[in-house]
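Okay, model38.txt now, which holds compact mmCIF, C-alpha atoms and all ligand atoms:
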```txt
# COMPACT_ATOMS: atom_id res chain seq x y z
CA MET A 1 17.36 20.47 25.77
CA PRO A 2 18.40 16.97 24.67
CA ASP A 3 19.09 16.40 20.98
CA LEU A 4 16.14 14.45 19.57
CA THR A 5 17.45 14.03 16.02
CA THR A 6 17.91 10.56 14.65
CA SER A 7 18.19 8.83 11.30
CA LEU A 8 17.06 5.76 9.44
CA GLY A 9 20.07 5.39 7.14
CA PRO A 10 19.97 8.35 4.75
CA LEU A 11 16.61 9.54 6.13
CA ARG A 12 17.11 12.26 8.77
CA LEU A 13 14.35 12.77 11.36
CA LYS A 14 14.04 15.78 13.67
CA ASN A 15 12.75 13.50 16.39
CA PRO A 16 12.32 9.71 16.64
CA VAL A 17 8.50 9.59 16.47
CA VAL A 18 6.63 8.76 13.27
CA THR A 19 3.09 7.59 12.71
CA ALA A 20 2.53 3.98 11.57
CA SER A 21 1.04 3.21 8.17
CA GLY A 22 -2.72 2.75 8.06
CA THR A 23 -3.37 4.32 11.44
CA PHE A 24 -2.99 7.94 10.36
CA GLY A 25 -4.68 8.02 6.94
CA PHE A 26 -2.97 10.70 4.85
CA GLY A 27 -2.63 12.99 7.86
CA SER A 28 -5.52 15.41 7.34
CA GLU A 29 -7.76 14.04 10.12
CA TRP A 30 -5.00 14.68 12.66
CA ALA A 31 -4.07 18.16 11.45
CA ASP A 32 -7.06 19.51 13.43
CA PHE A 33 -5.45 18.24 16.61
CA TYR A 34 -1.84 19.41 16.19
CA ASP A 35 0.75 20.72 13.76
CA LEU A 36 1.93 17.65 11.85
CA GLY A 37 5.31 19.37 11.67
CA ARG A 38 5.84 18.32 15.29
CA LEU A 39 6.27 14.71 14.16
CA GLY A 40 9.60 13.23 13.19
CA GLY A 41 7.79 11.64 10.28
CA LEU A 42 4.44 10.53 8.97
CA THR A 43 3.89 7.22 7.21
CA THR A 44 1.00 7.17 4.77
CA LYS A 45 -1.63 4.47 4.39
CA ALA A 46 -0.42 1.88 1.86
CA VAL A 47 -0.49 3.21 -1.70
CA THR A 48 -1.13 0.71 -4.52
CA VAL A 49 -0.87 1.27 -8.28
CA LEU A 50 -4.65 1.21 -8.76
CA PRO A 51 -7.32 2.37 -6.28
CA ARG A 52 -8.57 -0.31 -3.89
CA ARG A 53 -11.91 -0.43 -2.10
CA GLY A 54 -10.64 -2.80 0.57
CA ASN A 55 -12.37 -5.77 2.17
CA ALA A 56 -16.03 -6.25 3.06
CA MET A 57 -17.28 -4.91 6.43
CA PRO A 58 -16.90 -5.51 9.31
CA ARG A 59 -13.17 -4.93 9.04
CA THR A 60 -12.16 -4.09 12.59
CA THR A 61 -12.96 -5.34 16.06
CA GLU A 62 -11.59 -4.70 19.51
CA THR A 63 -9.75 -7.43 21.43
CA ALA A 64 -8.34 -7.64 24.94
CA SER A 65 -5.68 -4.90 24.90
CA GLY A 66 -5.73 -4.46 21.16
CA MET A 67 -7.61 -4.57 17.91
CA LEU A 68 -7.94 -6.73 14.81
CA ASN A 69 -8.15 -5.20 11.35
CA ALA A 70 -8.60 -6.49 7.83
CA ILE A 71 -8.95 -3.22 5.92
CA GLY A 72 -7.51 -4.77 2.76
CA LEU A 73 -5.28 -1.90 1.63
CA GLN A 74 -8.12 0.51 0.83
CA ASN A 75 -6.56 3.59 -0.80
CA PRO A 76 -7.16 5.98 -3.69
CA GLY A 77 -4.30 4.62 -5.83
CA LEU A 78 -0.99 6.07 -6.95
CA GLU A 79 -2.21 8.82 -9.29
CA ALA A 80 -4.80 10.17 -6.83
CA PHE A 81 -2.18 10.05 -4.09
CA LEU A 82 0.16 12.18 -6.21
CA ALA A 83 -2.57 14.60 -7.32
CA GLU A 84 -4.52 15.02 -4.07
CA LYS A 85 -2.75 13.67 -0.98
CA LEU A 86 0.91 14.51 -1.54
CA PRO A 87 0.39 18.26 -2.26
CA TYR A 88 -1.43 18.52 1.08
CA LEU A 89 1.19 16.53 3.00
CA ARG A 90 4.23 18.32 1.61
CA GLN A 91 3.26 21.60 3.30
CA PHE A 92 4.20 20.13 6.70
CA ASP A 93 7.77 20.22 7.98
CA THR A 94 8.00 16.50 8.61
CA ALA A 95 9.41 13.48 6.77
CA ILE A 96 6.73 11.94 4.55
CA ILE A 97 7.28 8.19 4.29
CA VAL A 98 5.13 6.59 1.60
CA ASN A 99 4.07 3.02 2.38
CA ILE A 100 3.79 1.05 -0.88
CA ALA A 101 2.03 -2.28 -1.40
CA ALA A 102 1.53 -4.62 -4.35
CA ASP A 103 0.92 -8.24 -5.17
CA ARG A 104 3.37 -8.27 -8.10
CA ILE A 105 7.01 -7.18 -8.19
CA GLU A 106 6.31 -5.15 -11.38
CA ASP A 107 3.79 -3.05 -9.45
CA PHE A 108 6.28 -2.37 -6.64
CA VAL A 109 8.70 -1.19 -9.34
CA THR A 110 6.06 1.08 -10.92
CA LEU A 111 5.30 2.62 -7.52
CA ALA A 112 8.98 3.15 -6.72
CA GLN A 113 9.77 4.71 -10.11
CA ARG A 114 6.80 7.07 -10.06
CA LEU A 115 7.42 8.21 -6.46
CA ASP A 116 11.13 8.76 -7.05
CA GLY A 117 11.90 12.46 -7.28
CA GLN A 118 8.40 13.60 -6.24
CA PRO A 119 8.85 16.71 -4.08
CA GLY A 120 7.90 15.97 -0.50
CA VAL A 121 8.49 12.21 -0.55
CA ALA A 122 11.25 11.56 2.00
CA ALA A 123 11.35 7.75 1.86
CA LEU A 124 9.53 4.62 0.80
CA GLU A 125 8.35 1.97 3.22
CA VAL A 126 7.94 -1.27 1.29
CA ASN A 127 5.11 -3.33 2.76
CA ILE A 128 6.24 -6.87 2.04
CA SER A 129 3.42 -8.40 4.09
CA CYS A 130 1.36 -8.58 0.90
CA PRO A 131 0.50 -11.84 -0.85
CA ASN A 132 2.54 -12.42 -4.02
CA GLN A 133 0.32 -13.37 -6.96
CA ALA A 134 3.12 -15.24 -8.74
CA CYS A 135 3.63 -17.53 -5.72
CA GLY A 136 0.03 -18.53 -5.11
CA GLY A 137 -0.55 -15.81 -2.55
CA LEU A 138 2.49 -16.51 -0.37
CA GLU A 139 3.48 -13.28 1.35
CA PHE A 140 6.75 -11.80 0.08
CA GLY A 141 7.95 -11.18 3.61
CA VAL A 142 7.73 -14.76 4.88
CA ASP A 143 10.44 -16.00 2.54
CA PRO A 144 14.04 -14.71 2.48
CA ALA A 145 14.43 -15.23 -1.30
CA LEU A 146 11.14 -13.50 -2.18
CA THR A 147 12.04 -10.68 0.21
CA ALA A 148 15.37 -10.23 -1.57
CA GLN A 149 13.64 -10.22 -4.97
CA VAL A 150 11.14 -7.51 -4.14
CA ILE A 151 13.55 -5.34 -2.13
CA GLY A 152 16.23 -5.69 -4.83
CA ALA A 153 13.76 -4.68 -7.54
CA VAL A 154 12.62 -1.60 -5.60
CA ARG A 155 16.26 -0.72 -4.85
CA ALA A 156 17.04 -0.70 -8.57
CA ALA A 157 14.00 1.49 -9.28
CA THR A 158 14.58 4.33 -6.81
CA SER A 159 17.27 6.37 -5.15
CA LEU A 160 14.90 7.31 -2.30
CA PRO A 161 15.73 6.00 1.19
CA MET A 162 14.06 2.58 1.37
CA ILE A 163 12.67 0.98 4.51
CA ALA A 164 11.57 -2.67 4.32
CA LYS A 165 8.55 -3.32 6.54
CA LEU A 166 8.75 -6.80 7.98
CA THR A 167 5.93 -9.11 8.96
CA PRO A 168 6.31 -10.84 12.34
CA ASN A 169 4.41 -13.89 11.09
CA VAL A 170 7.58 -15.86 10.42
CA THR A 171 9.71 -18.36 12.30
CA ARG A 172 12.99 -16.43 12.14
CA ILE A 173 12.53 -12.72 11.52
CA ALA A 174 16.30 -12.10 11.64
CA ASP A 175 16.74 -14.19 8.47
CA ILE A 176 14.22 -12.01 6.63
CA ALA A 177 15.89 -8.87 8.00
CA ARG A 178 19.31 -10.00 6.70
CA SER A 179 17.83 -10.76 3.30
CA ALA A 180 16.20 -7.32 3.05
CA VAL A 181 19.40 -5.53 4.06
CA ASP A 182 21.57 -7.58 1.69
CA ALA A 183 19.15 -6.69 -1.13
CA GLY A 184 19.59 -2.97 -0.46
CA ALA A 185 17.14 -1.87 2.26
CA ASP A 186 18.51 1.21 4.07
CA ALA A 187 16.42 0.51 7.16
CA LEU A 188 13.86 -1.96 8.49
CA SER A 189 10.52 -1.29 10.09
CA LEU A 190 8.93 -3.88 12.33
CA VAL A 191 6.55 -5.21 13.23
CA ASN A 192 3.48 -5.30 11.03
CA THR A 193 0.41 -6.89 12.61
CA TYR A 194 0.24 -10.49 13.89
CA VAL A 195 -2.37 -12.68 12.19
CA GLY A 196 -5.42 -13.53 14.26
CA THR A 197 -9.18 -13.69 14.26
CA ALA A 198 -12.24 -13.23 16.50
CA ILE A 199 -15.49 -15.18 16.75
CA ASP A 200 -18.72 -14.07 18.40
CA ALA A 201 -20.07 -16.89 20.61
CA ARG A 202 -23.56 -15.34 20.67
CA THR A 203 -24.04 -15.06 16.90
CA ARG A 204 -21.59 -17.88 16.07
CA ARG A 205 -20.11 -15.72 13.35
CA PHE A 206 -16.68 -14.35 12.62
CA LYS A 207 -16.41 -10.79 13.85
CA ILE A 208 -14.38 -9.87 10.73
CA ALA A 209 -15.80 -10.52 7.25
CA ASN A 210 -12.35 -11.50 5.95
CA ARG A 211 -11.96 -13.95 8.87
CA GLN A 212 -8.19 -13.50 9.04
CA ALA A 213 -7.11 -10.16 10.43
CA GLY A 214 -4.07 -8.35 11.82
CA LEU A 215 -3.65 -7.92 15.57
CA SER A 216 -2.13 -4.68 16.88
CA GLY A 217 -2.01 -2.62 20.06
CA PRO A 218 -0.60 -3.18 23.58
CA CYS A 219 -1.27 -6.95 23.44
CA ILE A 220 1.53 -7.36 20.85
CA LYS A 221 4.09 -5.14 22.56
CA PRO A 222 6.18 -7.87 24.24
CA LEU A 223 6.28 -9.85 20.98
CA ALA A 224 7.23 -6.78 18.93
CA LEU A 225 9.88 -5.71 21.42
CA LEU A 226 11.55 -9.12 21.18
CA ALA A 227 11.40 -9.01 17.35
CA VAL A 228 13.11 -5.58 17.37
CA TRP A 229 15.80 -6.74 19.78
CA ARG A 230 16.47 -9.91 17.75
CA VAL A 231 16.75 -8.00 14.48
CA ALA A 232 18.99 -5.38 16.12
CA GLN A 233 21.34 -8.21 17.15
CA ALA A 234 21.35 -9.66 13.63
CA VAL A 235 21.84 -6.64 11.34
CA LYS A 236 23.51 -3.24 11.45
CA ALA A 237 20.70 -1.47 9.55
CA PRO A 238 18.69 1.05 11.58
CA ILE A 239 15.26 -0.02 12.82
CA LEU A 240 11.93 1.77 12.98
CA GLY A 241 10.34 -0.08 15.89
CA MET A 242 6.61 -0.46 16.41
CA GLY A 243 3.95 -2.68 17.92
CA GLY A 244 1.75 -1.58 20.79
CA ILE A 245 3.57 1.63 21.67
CA MET A 246 1.07 3.65 23.73
CA ASN A 247 3.26 6.14 25.57
CA ALA A 248 6.78 7.52 25.85
CA THR A 249 7.91 4.77 28.21
CA ASP A 250 6.98 2.13 25.63
CA ALA A 251 8.81 4.16 22.97
CA VAL A 252 11.97 4.36 25.11
CA GLU A 253 11.84 0.57 25.64
CA PHE A 254 11.84 0.00 21.87
CA MET A 255 14.82 2.34 21.50
CA LEU A 256 16.69 0.55 24.30
CA ALA A 257 16.02 -2.69 22.39
CA GLY A 258 17.73 -1.18 19.35
CA ALA A 259 15.22 0.95 17.43
CA SER A 260 16.59 4.24 16.05
CA ALA A 261 13.03 5.60 15.77
CA VAL A 262 9.55 4.42 16.69
CA ALA A 263 6.17 4.35 14.97
CA ILE A 264 2.87 4.99 16.71
CA GLY A 265 -0.08 3.00 15.34
CA THR A 266 -3.16 1.83 17.23
CA ALA A 267 -2.53 4.46 19.93
CA ASN A 268 -3.64 7.14 17.43
CA PHE A 269 -7.18 5.70 17.50
CA ILE A 270 -7.37 5.87 21.29
CA ASN A 271 -5.72 9.22 21.84
CA PRO A 272 -5.32 11.45 18.78
CA MET A 273 -2.57 13.36 20.62
CA ALA A 274 -0.56 10.20 21.35
CA ALA A 275 2.27 10.77 18.87
CA VAL A 276 3.10 14.33 19.97
CA GLU A 277 2.71 13.44 23.63
CA ILE A 278 5.28 10.70 23.01
CA VAL A 279 7.71 13.23 21.43
CA ASP A 280 7.42 15.37 24.58
CA GLY A 281 7.65 12.34 26.86
CA ILE A 282 10.86 11.08 25.24
CA GLU A 283 12.40 14.53 25.66
CA ARG A 284 11.40 14.53 29.33
CA TYR A 285 12.83 11.04 29.85
CA LEU A 286 16.15 12.07 28.34
CA SER A 287 16.34 15.24 30.46
CA GLN A 288 15.38 13.43 33.66
CA THR A 289 17.95 10.68 33.10
CA GLY A 290 20.74 13.11 32.21
CA ALA A 291 21.01 12.03 28.57
CA THR A 292 22.04 14.71 26.09
CA SER A 293 20.89 12.88 22.98
CA VAL A 294 18.42 10.25 21.89
CA GLN A 295 21.37 8.38 20.37
CA GLU A 296 22.53 7.48 23.89
CA ILE A 297 19.57 5.18 24.47
CA ILE A 298 19.49 3.32 21.13
CA GLY A 299 20.38 -0.31 21.83
CA ALA A 300 21.43 0.57 25.38
CA VAL A 301 19.51 -2.24 27.11
CA GLN A 302 21.65 -4.03 29.70
CA PRO A 303 21.53 -7.68 30.83
CA THR A 304 19.55 -8.31 34.00
CA LEU A 305 21.85 -8.60 37.02
C1 LIG B 1 -6.25 -0.19 10.91
C2 LIG B 1 -4.82 -0.52 10.55
C3 LIG B 1 -4.40 -0.40 9.22
C4 LIG B 1 -3.08 -0.71 8.87
N1 LIG B 1 -2.68 -0.54 7.57
C5 LIG B 1 -1.38 -0.78 7.23
C6 LIG B 1 -0.92 -0.55 5.89
O1 LIG B 1 -1.66 -0.08 5.02
N2 LIG B 1 0.39 -0.83 5.60
C7 LIG B 1 1.26 -1.31 6.57
O2 LIG B 1 2.44 -1.54 6.26
N3 LIG B 1 0.85 -1.50 7.84
C8 LIG B 1 -0.43 -1.25 8.19
N4 LIG B 1 -0.85 -1.43 9.49
C9 LIG B 1 0.12 -1.92 10.51
C10 LIG B 1 0.68 -0.77 11.35
O3 LIG B 1 1.38 0.17 10.56
C11 LIG B 1 1.62 -1.31 12.47
O4 LIG B 1 2.69 -2.01 11.85
C12 LIG B 1 0.92 -2.26 13.43
O5 LIG B 1 -0.41 -1.85 13.67
C13 LIG B 1 1.66 -2.42 14.77
O6 LIG B 1 1.73 -1.21 15.47
P1 LIG B 1 0.66 -0.76 16.61
O7 LIG B 1 0.47 -1.94 17.52
O8 LIG B 1 1.27 0.43 17.26
O9 LIG B 1 -0.61 -0.42 15.88
C14 LIG B 1 -2.17 -1.15 9.86
C15 LIG B 1 -2.60 -1.27 11.19
C16 LIG B 1 -3.91 -0.95 11.55
C17 LIG B 1 -4.33 -1.08 13.00
```
Take the structure in the file and give it back as structure tokens.
Amino acid sequence: MPDLTTSLGPLRLKNPVVTASGTFGFGSEWADFYDLGRLGGLTTKAVTVLPRRGNAMPRTTETASGMLNAIGLQNPGLEAFLAEKLPYLRQFDTAIIVNIAADRIEDFVTLAQRLDGQPGVAALEVNISCPNQACGGLEFGVDPALTAQVIGAVRAATSLPMIAKLTPNVTRIADIARSAVDAGADALSLVNTYVGTAIDARTRRFKIANRQAGLSGPCIKPLALLAVWRVAQAVKAPILGMGGIMNATDAVEFMLAGASAVAIGTANFINPMAAVEIVDGIERYLSQTGATSVQEIIGAVQPTL
């Protein structure tokens, strides 16, 4: 049996498959389908300091080979997460990665301090694709200096493993990656969704109330794969790769591009078993290709002859 263990800096994973934030709720809906302990890790929906109701409906629509969403960070808030969601999640033998979001650096710090030392929290994933109130709504993650500020502040507030989640809606993602790592990120996750929208020709209305939405699913895979490869060339920090991974072959491609682990997002909506099927599929791929460990394929892509 090939060794499936991997790590994202100080965060050890029993296998390289985790669920992507916002596509797996707080786990309970999937626990009817399989033992969540089969996952390498589980990333929660974004948690904010206060509860959020999210954006007006409609908030999702299907596209060619993907979907658009503008959920707007709906979640029960930090205290309800600690009181109700975390006690449920910590019973599973898997790494619980808490995705945190805020529109002020102070709130990121509050989240990081309060989550530090909570039993069952394995790591924080800092969602820097959020608009920063102090900068007129500019997203933290589109600017290297703002990225460094927020990641540095979270670093100072917690000793938990910290993963910076990068937005792909930038000109040079490697610059943002370097900034996050220099400011203390242990690992990077990428990509978040690509901005897009959809209009209905029949009704002449936007299909999403918020108008701007995030595109995910197989349609973004080639873009995400390139982003992962570019960042892997630019920094030494381990990468949690995601964007349109639907099956084990896709997952292996992200690992060949340089990801130490992969996250499964939109695929969970199509096939609730996707993440565990991908764990099994990666194991099969390794066995069939004579690899003894998942480490052998990380970054192992070769130039075309
Ligand atoms: C409905 C939905 C909600 C999401 N919510 C979050 C979120 O709360 N925080 C976050 O960092 N990313 C969020 N994402 C982005 C995903 O975690 C992931 O980065 C993205 O969807 C790309 O992966 P995929 O193509 O496999 O879905 C969300 C994505 C979807 C589809």
Given a cut-off of 8 Å, what residues near ligand LIG 1 (chain B) show up using all atoms listed in the file, put as a PDB file with C-alpha atoms, in the coordinates of the input?
```
ATOM      1  CA  THR A  19       3.090   7.590  12.710  1.00  0.00           C
ATOM      2  CA  ALA A  20       2.530   3.980  11.570  1.00  0.00           C
ATOM      3  CA  SER A  21       1.040   3.210   8.170  1.00  0.00           C
ATOM      4  CA  GLY A  22      -2.720   2.750   8.060  1.00  0.00           C
ATOM      5  CA  THR A  23      -3.370   4.320  11.440  1.00  0.00           C
ATOM      6  CA  THR A  44       1.000   7.170   4.770  1.00  0.00           C
ATOM      7  CA  LYS A  45      -1.630   4.470   4.390  1.00  0.00           C
ATOM      8  CA  ALA A  46      -0.420   1.880   1.860  1.00  0.00           C
ATOM      9  CA  VAL A  47      -0.490   3.210  -1.700  1.00  0.00           C
ATOM     10  CA  THR A  60     -12.160  -4.090  12.590  1.00  0.00           C
ATOM     11  CA  GLY A  66      -5.730  -4.460  21.160  1.00  0.00           C
ATOM     12  CA  MET A  67      -7.610  -4.570  17.910  1.00  0.00           C
ATOM     13  CA  LEU A  68      -7.940  -6.730  14.810  1.00  0.00           C
ATOM     14  CA  ASN A  69      -8.150  -5.200  11.350  1.00  0.00           C
ATOM     15  CA  ALA A  70      -8.600  -6.490   7.830  1.00  0.00           C
ATOM     16  CA  ILE A  71      -8.950  -3.220   5.920  1.00  0.00           C
ATOM     17  CA  GLY A  72      -7.510  -4.770   2.760  1.00  0.00           C
ATOM     18  CA  LEU A  73      -5.280  -1.900   1.630  1.00  0.00           C
ATOM     19  CA  GLN A  74      -8.120   0.510   0.830  1.00  0.00           C
ATOM     20  CA  ASN A  99       4.070   3.020   2.380  1.00  0.00           C
ATOM     21  CA  ILE A 100       3.790   1.050  -0.880  1.00  0.00           C
ATOM     22  CA  ALA A 101       2.030  -2.280  -1.400  1.00  0.00           C
ATOM     23  CA  GLU A 125       8.350   1.970   3.220  1.00  0.00           C
ATOM     24  CA  VAL A 126       7.940  -1.270   1.290  1.00  0.00           C
ATOM     25  CA  ASN A 127       5.110  -3.330   2.760  1.00  0.00           C
ATOM     26  CA  ILE A 128       6.240  -6.870   2.040  1.00  0.00           C
ATOM     27  CA  SER A 129       3.420  -8.400   4.090  1.00  0.00           C
ATOM     28  CA  LYS A 165       8.550  -3.320   6.540  1.00  0.00           C
ATOM     29  CA  LEU A 190       8.930  -3.880  12.330  1.00  0.00           C
ATOM     30  CA  VAL A 191       6.550  -5.210  13.230  1.00  0.00           C
ATOM     31  CA  ASN A 192       3.480  -5.300  11.030  1.00  0.00           C
ATOM     32  CA  THR A 193       0.410  -6.890  12.610  1.00  0.00           C
ATOM     33  CA  GLY A 214      -4.070  -8.350  11.820  1.00  0.00           C
ATOM     34  CA  LEU A 215      -3.650  -7.920  15.570  1.00  0.00           C
ATOM     35  CA  SER A 216      -2.130  -4.680  16.880  1.00  0.00           C
ATOM     36  CA  GLY A 217      -2.010  -2.620  20.060  1.00  0.00           C
ATOM     37  CA  PRO A 218      -0.600  -3.180  23.580  1.00  0.00           C
ATOM     38  CA  CYS A 219      -1.270  -6.950  23.440  1.00  0.00           C
ATOM     39  CA  ILE A 220       1.530  -7.360  20.850  1.00  0.00           C
ATOM     40  CA  LYS A 221       4.090  -5.140  22.560  1.00  0.00           C
ATOM     41  CA  MET A 242       6.610  -0.460  16.410  1.00  0.00           C
ATOM     42  CA  GLY A 243       3.950  -2.680  17.920  1.00  0.00           C
ATOM     43  CA  GLY A 244       1.750  -1.580  20.790  1.00  0.00           C
ATOM     44  CA  ILE A 245       3.570   1.630  21.670  1.00  0.00           C
ATOM     45  CA  MET A 246       1.070   3.650  23.730  1.00  0.00           C
ATOM     46  CA  ALA A 263       6.170   4.350  14.970  1.00  0.00           C
ATOM     47  CA  ILE A 264       2.870   4.990  16.710  1.00  0.00           C
ATOM     48  CA  GLY A 265      -0.080   3.000  15.340  1.00  0.00           C
ATOM     49  CA  THR A 266      -3.160   1.830  17.230  1.00  0.00           C
ATOM     50  CA  ALA A 267      -2.530   4.460  19.930  1.00  0.00           C
TER      51      ALA A 267
END
```
- Contacts of stretch 147-160 of chain A within 7 Å, all atoms listed in the file, excl. fewer than 6 positions in-chain, as a list in words: Ile105, Phe108, Val109, Ala112, Gln113, Asp116, Ala123, Leu124, Phe140, Gly141, Ile176, Ser179, Ala180, Ala183, Gly184 and Ala185 of chain A
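Using all atoms listed in the file, the residues found no farther than 10 Å from A:Gly77, other than those of its own chain fewer than 3 positions away, are Ala46, Val47, Thr48, Val49, Leu50, Pro51, Arg52, Arg53, Leu73, Gln74, Ala80, Phe81, Leu82 and Leu111 of chain A.
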- Note on the structure: Taken to one decimal, the atom CA of A:Cys135-atom CA of A:Asp103 distance is 9.7 Å
- Item | Pairwise distance for atom CA of A:Ala259 and atom CA of A:Asp182, rounded to one decimal in Å | 19.0 Å
- Excluding A:Gly9 and any residue of its chain fewer than 6 positions from it, enumerate the residues within 8 Å of it, using all atoms listed in the file, and give them as a PyMOL selection string. chain A and resi 161+186-187+237-238
